[in-house]
$ cat start.csv   # CSV, C-alpha atoms and all ligand atoms
chain,number,residue,atom,x,y,z
A,62,MET,CA,-52.7,-34.4,50.5
A,63,GLY,CA,-50.7,-36.0,53.4
A,64,ILE,CA,-48.8,-39.3,53.1
A,65,ALA,CA,-51.4,-41.0,55.3
A,66,LYS,CA,-54.3,-40.0,53.1
A,67,ARG,CA,-52.6,-41.1,49.9
A,68,VAL,CA,-51.7,-44.4,51.5
A,69,GLN,CA,-55.2,-44.9,52.7
A,70,ASP,CA,-56.7,-44.2,49.3
A,71,SER,CA,-54.4,-46.5,47.6
A,72,LEU,CA,-55.0,-49.2,50.1
A,73,TYR,CA,-58.7,-49.4,50.3
A,74,SER,CA,-59.2,-51.3,47.0
A,75,THR,CA,-56.5,-53.9,48.1
A,76,MET,CA,-58.1,-54.1,51.5
A,77,GLN,CA,-61.6,-54.7,50.2
A,78,ALA,CA,-60.4,-57.5,48.0
A,79,ALA,CA,-58.4,-59.0,50.8
A,80,ALA,CA,-61.3,-58.7,53.3
A,81,ILE,CA,-63.5,-60.8,51.1
A,82,ALA,CA,-60.9,-63.6,51.2
A,83,LEU,CA,-60.8,-63.3,55.0
A,84,GLU,CA,-63.1,-65.1,57.2
A,85,PRO,CA,-63.9,-63.5,60.6
A,86,MET,CA,-61.3,-64.5,63.1
A,87,LYS,CA,-61.8,-68.2,63.1
A,88,SER,CA,-60.4,-70.4,65.8
A,89,HIS,CA,-56.8,-71.2,64.9
A,90,THR,CA,-55.3,-74.5,64.6
A,91,HIS,CA,-52.9,-75.2,67.4
A,92,THR,CA,-50.2,-77.8,67.6
A,93,PRO,CA,-51.6,-80.3,70.1
A,94,ALA,CA,-48.2,-81.1,71.5
A,95,ALA,CA,-47.8,-77.5,72.5
A,96,LYS,CA,-50.3,-77.7,75.4
A,97,THR,CA,-48.6,-76.4,78.5
A,98,PRO,CA,-48.1,-79.4,80.8
A,99,ARG,CA,-50.2,-79.0,83.9
A,100,ALA,CA,-47.6,-80.8,86.0
A,101,ALA,CA,-44.9,-78.5,85.0
A,102,THR,CA,-46.9,-75.4,85.6
A,103,ALA,CA,-48.8,-76.4,88.7
A,104,THR,CA,-46.7,-74.3,91.0
A,105,ALA,CA,-45.6,-71.5,88.7
A,106,SER,CA,-47.4,-68.2,88.8
A,107,PRO,CA,-49.2,-67.1,85.6
A,108,ALA,CA,-46.5,-64.4,85.1
A,109,MET,CA,-43.7,-67.0,85.4
A,110,VAL,CA,-45.3,-69.3,82.9
A,111,ALA,CA,-45.9,-66.4,80.4
A,112,SER,CA,-42.4,-65.2,80.9
A,113,GLY,CA,-40.9,-68.7,80.5
A,114,TRP,CA,-42.9,-69.1,77.3
A,115,LEU,CA,-41.7,-65.8,75.9
A,116,HIS,CA,-38.2,-66.7,76.8
A,117,THR,CA,-38.3,-69.6,74.3
A,118,ALA,CA,-38.5,-67.1,71.4
A,119,ARG,CA,-36.1,-68.0,68.6
A,120,PHE,CA,-35.5,-66.7,65.2
A,121,LEU,CA,-37.7,-68.4,62.6
A,122,THR,CA,-37.3,-66.5,59.4
A,123,THR,CA,-37.1,-63.1,57.8
A,124,ALA,CA,-38.9,-61.9,54.7
A,125,PRO,CA,-38.2,-58.9,52.5
A,126,GLU,CA,-41.7,-59.0,51.2
A,127,LEU,CA,-45.0,-60.2,52.3
A,128,HIS,CA,-45.3,-63.0,49.9
A,129,PHE,CA,-42.1,-64.6,51.2
A,130,LEU,CA,-43.7,-65.1,54.6
A,131,PRO,CA,-44.4,-68.8,55.2
A,132,ALA,CA,-48.1,-69.7,55.7
A,133,LEU,CA,-48.5,-70.7,59.3
A,134,GLU,CA,-51.3,-72.2,61.3
A,135,VAL,CA,-50.2,-71.3,64.8
A,136,PRO,CA,-51.4,-67.9,66.3
A,137,GLU,CA,-49.3,-65.0,65.2
A,138,ILE,CA,-48.8,-61.8,67.2
A,139,ALA,CA,-47.5,-58.8,65.4
A,140,PHE,CA,-45.5,-55.9,66.8
A,141,VAL,CA,-45.9,-52.7,64.9
A,142,GLY,CA,-44.9,-49.1,65.5
A,143,ARG,CA,-43.0,-46.1,64.2
A,144,SER,CA,-39.3,-46.2,64.2
A,145,ASN,CA,-37.8,-45.4,67.6
A,146,ALA,CA,-41.1,-46.2,69.4
A,147,GLY,CA,-39.2,-48.8,71.5
A,148,LYS,CA,-40.3,-51.9,69.6
A,149,SER,CA,-37.0,-53.8,69.6
A,150,THR,CA,-36.4,-53.0,73.2
A,151,CYS,CA,-39.9,-54.2,74.1
A,152,ILE,CA,-39.5,-57.5,72.2
A,153,ASN,CA,-36.0,-58.1,73.7
A,154,THR,CA,-37.4,-57.3,77.2
A,155,LEU,CA,-40.4,-59.5,76.9
A,156,THR,CA,-38.3,-62.4,75.6
A,157,GLN,CA,-35.4,-61.7,78.0
A,158,GLN,CA,-33.0,-61.7,75.1
A,159,LYS,CA,-30.5,-59.0,74.4
A,160,GLN,CA,-30.2,-59.2,70.7
A,161,LEU,CA,-33.4,-60.9,69.4
A,162,ALA,CA,-34.9,-57.9,67.8
A,163,PHE,CA,-31.6,-56.0,67.4
A,164,ALA,CA,-32.5,-53.1,69.5
A,165,SER,CA,-29.4,-51.3,68.4
A,166,ARG,CA,-30.2,-51.3,64.7
A,167,LYS,CA,-30.4,-48.0,62.9
A,168,PRO,CA,-34.0,-46.8,62.9
A,169,GLY,CA,-35.8,-47.5,59.6
A,170,ARG,CA,-32.9,-49.4,58.1
A,171,THR,CA,-34.0,-52.9,58.7
A,172,GLN,CA,-37.0,-53.2,56.5
A,173,HIS,CA,-37.6,-56.9,56.7
A,174,ILE,CA,-40.4,-58.7,58.5
A,175,ASN,CA,-38.8,-60.9,61.2
A,176,LEU,CA,-40.6,-63.9,62.6
A,177,PHE,CA,-39.8,-65.6,66.0
A,178,SER,CA,-41.1,-68.9,67.1
A,179,LEU,CA,-42.4,-69.5,70.6
A,180,GLY,CA,-43.0,-72.7,72.4
A,181,LYS,CA,-41.5,-75.1,74.8
A,182,GLN,CA,-39.4,-78.1,73.9
A,183,GLY,CA,-38.9,-76.7,70.4
A,184,VAL,CA,-42.6,-77.1,69.6
A,185,THR,CA,-43.8,-73.9,68.0
A,186,ASP,CA,-47.2,-72.9,69.5
A,187,ALA,CA,-47.2,-69.3,68.4
A,188,VAL,CA,-45.1,-66.8,66.4
A,189,LEU,CA,-44.1,-63.2,67.1
A,190,THR,CA,-43.8,-61.0,64.1
A,191,ASP,CA,-41.6,-57.9,64.2
A,192,LEU,CA,-42.8,-55.6,61.4
A,193,PRO,CA,-40.4,-52.8,60.3
A,194,GLY,CA,-40.6,-49.5,62.0
A,195,TYR,CA,-42.1,-46.8,59.9
A,196,GLY,CA,-42.0,-43.1,59.6
A,197,TYR,CA,-38.3,-42.6,60.1
A,198,ALA,CA,-37.6,-39.1,58.8
A,199,ALA,CA,-34.6,-40.0,56.7
A,200,VAL,CA,-36.4,-42.6,54.7
A,201,PRO,CA,-37.6,-41.4,51.3
A,202,LYS,CA,-41.3,-40.8,51.0
A,203,GLN,CA,-41.8,-43.5,48.4
A,204,ASP,CA,-40.2,-46.1,50.8
A,205,LYS,CA,-42.5,-45.0,53.6
A,206,ILE,CA,-45.6,-45.4,51.4
A,207,ARG,CA,-44.4,-48.8,50.2
A,208,TRP,CA,-44.0,-50.0,53.7
A,209,GLN,CA,-47.3,-48.7,54.8
A,210,GLN,CA,-48.8,-50.8,52.0
A,211,VAL,CA,-46.8,-53.9,53.0
A,212,MET,CA,-47.9,-53.5,56.6
A,213,ALA,CA,-51.5,-52.8,55.7
A,214,ASN,CA,-51.6,-55.9,53.5
A,215,TYR,CA,-50.1,-58.0,56.2
A,216,LEU,CA,-52.6,-56.8,58.8
A,217,VAL,CA,-55.5,-57.4,56.5
A,218,THR,CA,-54.5,-60.6,54.8
A,219,ARG,CA,-52.5,-62.6,57.4
A,220,GLU,CA,-54.9,-65.4,58.2
A,221,ASN,CA,-53.3,-66.7,61.3
A,222,LEU,CA,-52.9,-63.2,62.8
A,223,ARG,CA,-54.3,-63.4,66.3
A,224,GLY,CA,-53.2,-60.1,67.8
A,225,ILE,CA,-51.5,-56.9,67.2
A,226,VAL,CA,-49.3,-54.8,69.6
A,227,LEU,CA,-49.1,-51.2,68.4
A,228,LEU,CA,-46.3,-49.5,70.2
A,229,CYS,CA,-46.4,-45.8,70.7
A,230,ASP,CA,-44.3,-43.3,72.6
A,231,PRO,CA,-46.9,-41.4,74.6
A,232,ARG,CA,-44.9,-38.3,74.6
A,233,LEU,CA,-45.3,-38.1,70.9
A,234,GLY,CA,-48.8,-39.7,70.7
A,235,LEU,CA,-50.2,-41.5,67.7
A,236,THR,CA,-48.7,-40.3,64.4
A,237,GLU,CA,-50.7,-40.0,61.2
A,238,LEU,CA,-49.3,-43.3,60.1
A,239,ASP,CA,-50.3,-45.0,63.4
A,240,GLU,CA,-53.9,-43.6,62.8
A,241,VAL,CA,-53.9,-45.1,59.3
A,242,LEU,CA,-52.9,-48.5,60.7
A,243,LEU,CA,-55.6,-48.2,63.4
A,244,ASP,CA,-58.2,-47.6,60.8
A,245,ILE,CA,-57.1,-50.6,58.9
A,246,VAL,CA,-57.0,-52.8,62.0
A,247,ARG,CA,-60.3,-51.7,63.6
A,248,PRO,CA,-62.6,-53.8,61.5
A,249,ARG,CA,-60.6,-56.9,62.3
A,250,VAL,CA,-60.6,-56.0,66.0
A,251,GLU,CA,-64.4,-55.8,65.8
A,252,GLN,CA,-64.3,-59.3,64.4
A,253,GLY,CA,-62.2,-60.6,67.3
A,254,LEU,CA,-58.6,-59.8,66.5
A,255,GLN,CA,-56.8,-59.0,69.7
A,256,PHE,CA,-55.3,-55.6,70.0
A,257,LEU,CA,-53.0,-53.8,72.5
A,258,LEU,CA,-52.0,-50.2,72.3
A,259,LEU,CA,-48.7,-50.2,74.2
A,260,LEU,CA,-47.4,-46.9,75.6
A,261,THR,CA,-43.7,-47.3,75.7
A,262,LYS,CA,-41.0,-45.4,77.7
A,263,ALA,CA,-43.5,-44.8,80.5
A,264,ASP,CA,-40.6,-44.0,82.8
A,265,LYS,CA,-40.4,-40.7,81.0
A,266,LEU,CA,-43.9,-39.8,82.2
A,267,THR,CA,-45.0,-38.5,85.6
A,268,ARG,CA,-47.8,-40.5,87.3
A,269,VAL,CA,-50.4,-38.0,86.2
A,270,GLU,CA,-49.1,-37.9,82.7
A,271,GLY,CA,-49.2,-41.7,82.7
A,272,HIS,CA,-52.8,-41.9,83.8
A,273,LYS,CA,-53.8,-39.3,81.2
A,274,ALA,CA,-52.0,-41.0,78.4
A,275,LEU,CA,-53.6,-44.3,79.4
A,276,SER,CA,-57.1,-42.8,79.4
A,277,ILE,CA,-56.6,-41.5,75.9
A,278,ALA,CA,-55.1,-44.7,74.7
A,279,ARG,CA,-58.1,-46.7,76.0
A,280,LEU,CA,-60.3,-44.6,73.8
A,281,GLN,CA,-58.0,-45.0,70.8
A,282,ALA,CA,-57.7,-48.7,71.3
A,283,GLY,CA,-61.5,-49.2,70.8
A,284,GLY,CA,-62.3,-52.7,71.8
A,285,GLY,CA,-58.7,-53.5,72.5
A,286,HIS,CA,-56.4,-53.1,75.5
A,287,ALA,CA,-54.1,-50.2,76.5
A,288,MET,CA,-51.1,-50.5,78.8
A,289,LEU,CA,-48.1,-48.5,80.0
A,290,PHE,CA,-44.7,-50.1,79.5
A,291,SER,CA,-41.2,-49.3,80.5
A,292,ALA,CA,-38.2,-51.5,79.7
A,293,THR,CA,-36.1,-49.3,81.9
A,294,LYS,CA,-38.3,-49.5,84.9
A,295,ARG,CA,-39.6,-52.9,84.1
A,296,GLN,CA,-43.1,-51.7,84.2
A,297,GLY,CA,-46.0,-53.6,82.6
A,298,ILE,CA,-43.8,-56.6,81.6
A,299,ASP,CA,-45.8,-59.2,83.5
A,300,ASP,CA,-49.1,-57.8,82.3
A,301,VAL,CA,-48.1,-57.7,78.6
A,302,SER,CA,-46.5,-61.2,78.9
A,303,GLN,CA,-49.7,-62.7,80.3
A,304,LEU,CA,-51.9,-61.0,77.8
A,305,LEU,CA,-49.8,-62.4,74.9
A,306,TRP,CA,-49.9,-65.8,76.5
A,307,GLN,CA,-53.6,-65.6,76.7
A,308,TRP,CA,-53.9,-64.5,73.1
A,309,ALA,CA,-51.9,-67.5,72.0
A,310,HIS,CA,-53.7,-69.9,74.3
A,311,PRO,CA,-57.4,-69.0,74.0
A,312,PRO,CA,-59.8,-70.7,76.4
A,313,GLY,CA,-61.2,-73.8,74.8
A,314,GLY,CA,-58.4,-74.1,72.3
A,315,PRO,CA,-56.2,-77.2,72.1
A,316,ALA,CA,-53.3,-75.3,73.5
A,317,GLU,CA,-55.3,-73.9,76.4
A,318,GLY,CA,-52.9,-74.0,79.3
A,319,SER,CA,-53.1,-74.3,83.0
A,320,ALA,CA,-51.3,-71.1,83.7
A,321,PRO,CA,-52.0,-67.4,82.9
A,322,THR,CA,-55.7,-67.9,83.2
A,323,THR,CA,-56.6,-64.4,84.2
A,324,ASP,CA,-59.6,-64.4,81.9
A,325,GLY,CA,-58.4,-61.2,80.2
A,326,GLU,CA,-58.2,-59.4,83.5
A,327,PRO,CA,-55.0,-57.6,84.6
A,328,SER,CA,-52.5,-59.6,86.5
A,329,ALA,CA,-52.6,-59.8,90.3
A,330,HIS,CA,-48.9,-59.5,90.1
A,331,HIS,CA,-48.5,-55.8,89.7
A,332,ASP,CA,-45.1,-54.7,90.8
A,333,ALA,CA,-45.6,-52.7,93.9
A,334,SER,CA,-42.7,-50.5,92.8
A,335,THR,CA,-44.7,-49.4,89.8
A,336,PRO,CA,-48.0,-48.2,91.3
A,337,GLN,CA,-49.3,-46.7,88.1
A,338,ALA,CA,-52.1,-48.7,86.6
A,339,THR,CA,-50.6,-50.4,83.6
A,340,GLU,CA,-53.7,-51.9,82.1
A,341,ASP,CA,-57.0,-51.1,80.8
A,342,ALA,CA,-59.2,-53.5,82.9
A,343,ARG,CA,-61.7,-54.2,80.2
A,344,PRO,CA,-61.5,-57.7,78.8
A,345,ALA,CA,-60.6,-58.0,75.2
B,1,LIG,P1,-37.5,-49.2,67.7
B,1,LIG,O1,-36.9,-48.4,66.6
B,1,LIG,O2,-39.0,-49.0,67.8
B,1,LIG,O3,-37.1,-50.7,67.6
B,1,LIG,O4,-36.9,-48.6,69.0
B,1,LIG,P2,-35.7,-49.1,70.0
B,1,LIG,O5,-36.1,-50.3,70.8
B,1,LIG,O6,-34.5,-49.2,69.2
B,1,LIG,O7,-35.7,-47.9,71.0
B,1,LIG,C1,-35.5,-46.5,70.6
B,1,LIG,C2,-34.8,-45.7,71.7
B,1,LIG,O8,-35.7,-45.7,72.8
B,1,LIG,C3,-33.5,-46.3,72.2
B,1,LIG,O9,-32.6,-45.3,72.4
B,1,LIG,C4,-33.9,-47.1,73.4
B,1,LIG,O10,-32.9,-47.2,74.4
B,1,LIG,C5,-35.0,-46.2,73.9
B,1,LIG,N1,-36.0,-46.9,74.8
B,1,LIG,C6,-36.6,-48.0,74.5
B,1,LIG,N2,-37.4,-48.4,75.5
B,1,LIG,C7,-37.3,-47.5,76.5
B,1,LIG,C8,-37.8,-47.4,77.8
B,1,LIG,O11,-38.6,-48.2,78.3
B,1,LIG,N3,-37.5,-46.3,78.5
B,1,LIG,C9,-36.6,-45.4,78.0
B,1,LIG,N4,-36.3,-44.3,78.8
B,1,LIG,N5,-36.0,-45.5,76.8
B,1,LIG,C10,-36.4,-46.5,76.0
$ encode --input "start.csv" --output "structure tokens" --more "lines below"
Ligand code: GDP
Amino acid sequence: MGIAKRVQDSLYSTMQAAAIALEPMKSHTHTPAAKTPRAATATASPAMVASGWLHTARFLTTAPELHFLPALEVPEIAFVGRSNAGKSTCINTLTQQKQLAFASRKPGRTQHINLFSLGKQGVTDAVLTDLPGYGYAAVPKQDKIRWQQVMANYLVTRENLRGIVLLCDPRLGLTELDEVLLDIVRPRVEQGLQFLLLLTKADKLTRVEGHKALSIARLQAGGGHAMLFSATKRQGIDDVSQLLWQWAHPPGGPAEGSAPTTDGEPSAHHDASTPQATEDARPA
């Protein structure tokens, strides 16, 4: 029996218990003061507002285990993916900070859950969560299984979780462990949890390969989004930034802003130098 199957079996009972405790994705409480000031954003493009918001990312806390995570009410967006998928680079690129997610760390070594606050003027209106990369070959099997469990528990029980970004190197495709996480996440996506399957290192693909990978990813993402991303070529940055901004500032919520209001549609600010479609045009 493969690792994934064993993990899945051992998780189902936990998940079922946790699912009972979960309400369907209810509207989250926002910090009223976090509302984006209209005056300040009146002339800024949606991409600029989203980018400025992400740039406010600052370290909040780190937790070696799930139960050490603080309970939060602001929307939380989790980044998950196998080691070496490009997760740290992606977080650093989106937040325009060189060291925030420690891109240079040794794959699989940093096993903590790291939380970063987002929000202008020091007022936190959302949190980014960097979950440990999984599947690193040199990590003992037991550790891999333990981390699958931690992650699955997080994805199922974290009440303020608003969206998940699953990063995948399209040259490798979804691994068995990615598939397990997708299976775990799918019921919550059906209940309204936002989901993005982000294909990293898109610069390594030809245009045709990129289109093909995106088509497959759209199917795999179910009701979620799929996008191509390249830190090297700066492809997809605006679209991902705006999508995350929208997740954290849903229409009708107290933190609803005057900026990235693309109604879930792709940005009109596609970089002409990256003609590949970066986004699945379906709304979330
Ligand atoms: P993590 O383990 O998922 O955090 O992955 P890292 O962010 O540390 O990246 C793993 C490797 O992929 C590093 O060598 C990065 O330089 C490389 N990488 C990350 N993003 C890109 C990208 O957009 N294009 C290319 N060509 N390489 C990338």
$ closest_residue --input "start.csv" --among "A:Pro201, A:Pro136, A:Pro312, A:Gly196" --to "ligand LIG 1 (chain B)" --atoms "only C-alpha atoms and all ligand atoms"
A:Gly196
$ closest_atom_pairs --input "start.csv" --of "chain A" --to "ligand LIG 1 (chain B)" --cutoff "8 Å" --atoms "all atoms listed in the file" --output "Markdown table"
| residue | atom | partner | partner_atom | distance |
| --- | --- | --- | --- | --- |
| A:Gly142 | CA | B:LIG1 | O2 | 6.3 |
| A:Arg143 | CA | B:LIG1 | O2 | 6.1 |
| A:Ser144 | CA | B:LIG1 | O1 | 4.0 |
| A:Asn145 | CA | B:LIG1 | O1 | 3.3 |
| A:Ala146 | CA | B:LIG1 | O2 | 3.8 |
| A:Gly147 | CA | B:LIG1 | O4 | 3.4 |
| A:Lys148 | CA | B:LIG1 | O2 | 3.7 |
| A:Ser149 | CA | B:LIG1 | O3 | 3.7 |
| A:Thr150 | CA | B:LIG1 | O5 | 3.6 |
| A:Cys151 | CA | B:LIG1 | O5 | 6.4 |
| A:Ala162 | CA | B:LIG1 | O3 | 7.5 |
| A:Phe163 | CA | B:LIG1 | O6 | 7.6 |
| A:Ala164 | CA | B:LIG1 | O6 | 4.4 |
| A:Ser165 | CA | B:LIG1 | O6 | 5.6 |
| A:Arg166 | CA | B:LIG1 | O6 | 6.6 |
| A:Lys167 | CA | B:LIG1 | O1 | 7.5 |
| A:Pro168 | CA | B:LIG1 | O1 | 5.0 |
| A:Gly169 | CA | B:LIG1 | O1 | 7.1 |
| A:Gly194 | CA | B:LIG1 | O1 | 6.0 |
| A:Leu228 | CA | B:LIG1 | O2 | 7.7 |
| A:Thr261 | CA | B:LIG1 | O11 | 5.8 |
| A:Lys262 | CA | B:LIG1 | N3 | 3.7 |
| A:Ala263 | CA | B:LIG1 | O11 | 6.4 |
| A:Asp264 | CA | B:LIG1 | N3 | 5.8 |
| A:Lys265 | CA | B:LIG1 | N4 | 5.9 |
| A:Phe290 | CA | B:LIG1 | O11 | 6.5 |
| A:Ser291 | CA | B:LIG1 | O11 | 3.6 |
| A:Ala292 | CA | B:LIG1 | O11 | 3.6 |
| A:Thr293 | CA | B:LIG1 | O11 | 4.5 |
| A:Lys294 | CA | B:LIG1 | O11 | 6.7 |
| A:Arg295 | CA | B:LIG1 | O11 | 7.5 |
$ residues_around --input "start.csv" --residues "stretch 230-245 of chain A" --least-positions-apart "2" --cutoff "10 Å" --atoms "all atoms listed in the file" --output "NGL selection string"
:A and (63-66 or 68-69 or 72-73 or 76 or 141-143 or 145-148 or 195-196 or 205-206 or 209-210 or 212-214 or 216-217 or 227-228 or 247-250 or 256 or 258-263 or 265-266 or 270-271 or 273-275 or 277-278 or 281-283 or 289-290)
$ closest_residue --input "start.csv" --among "A:Ile298, A:Met288, A:Ala124, A:Leu176" --to "A:Ser276" --atoms "all atoms listed in the file"
A:Met288
$ residues_near_point --input "start.csv" --point "(-43.4, -68.3, 64.2)" --cutoff "10 Å" --atoms "only C-alpha atoms" --output "list in words"
Ala118, Arg119, Phe120, Leu121, Thr122, Pro131, Ala132, Leu133, Glu134, Val135, Pro136, Glu137, Ile138, Asn175, Leu176, Phe177, Ser178, Leu179, Gly180, Thr185, Asp186, Ala187, Val188, Leu189 and Thr190 of chain A
$ atom_distance --input "start.csv" --atom1 "atom CA of A:His272" --atom2 "atom CA of A:Ile152"
23.6 Å
$ atom_distance --input "start.csv" --atom1 "atom CA of A:Trp208" --atom2 "atom CA of A:Pro193"
8.0 Å
$ atom_distance --input "start.csv" --atom1 "atom CA of A:Glu220" --atom2 "atom CA of A:Arg279"
26.0 Å
$ residues_around --input "start.csv" --residues "A:Gly224" --least-positions-apart "2" --cutoff "8 Å" --atoms "all atoms listed in the file" --output "ChimeraX atom specification"
/A:137-139,222,226,254-257,308
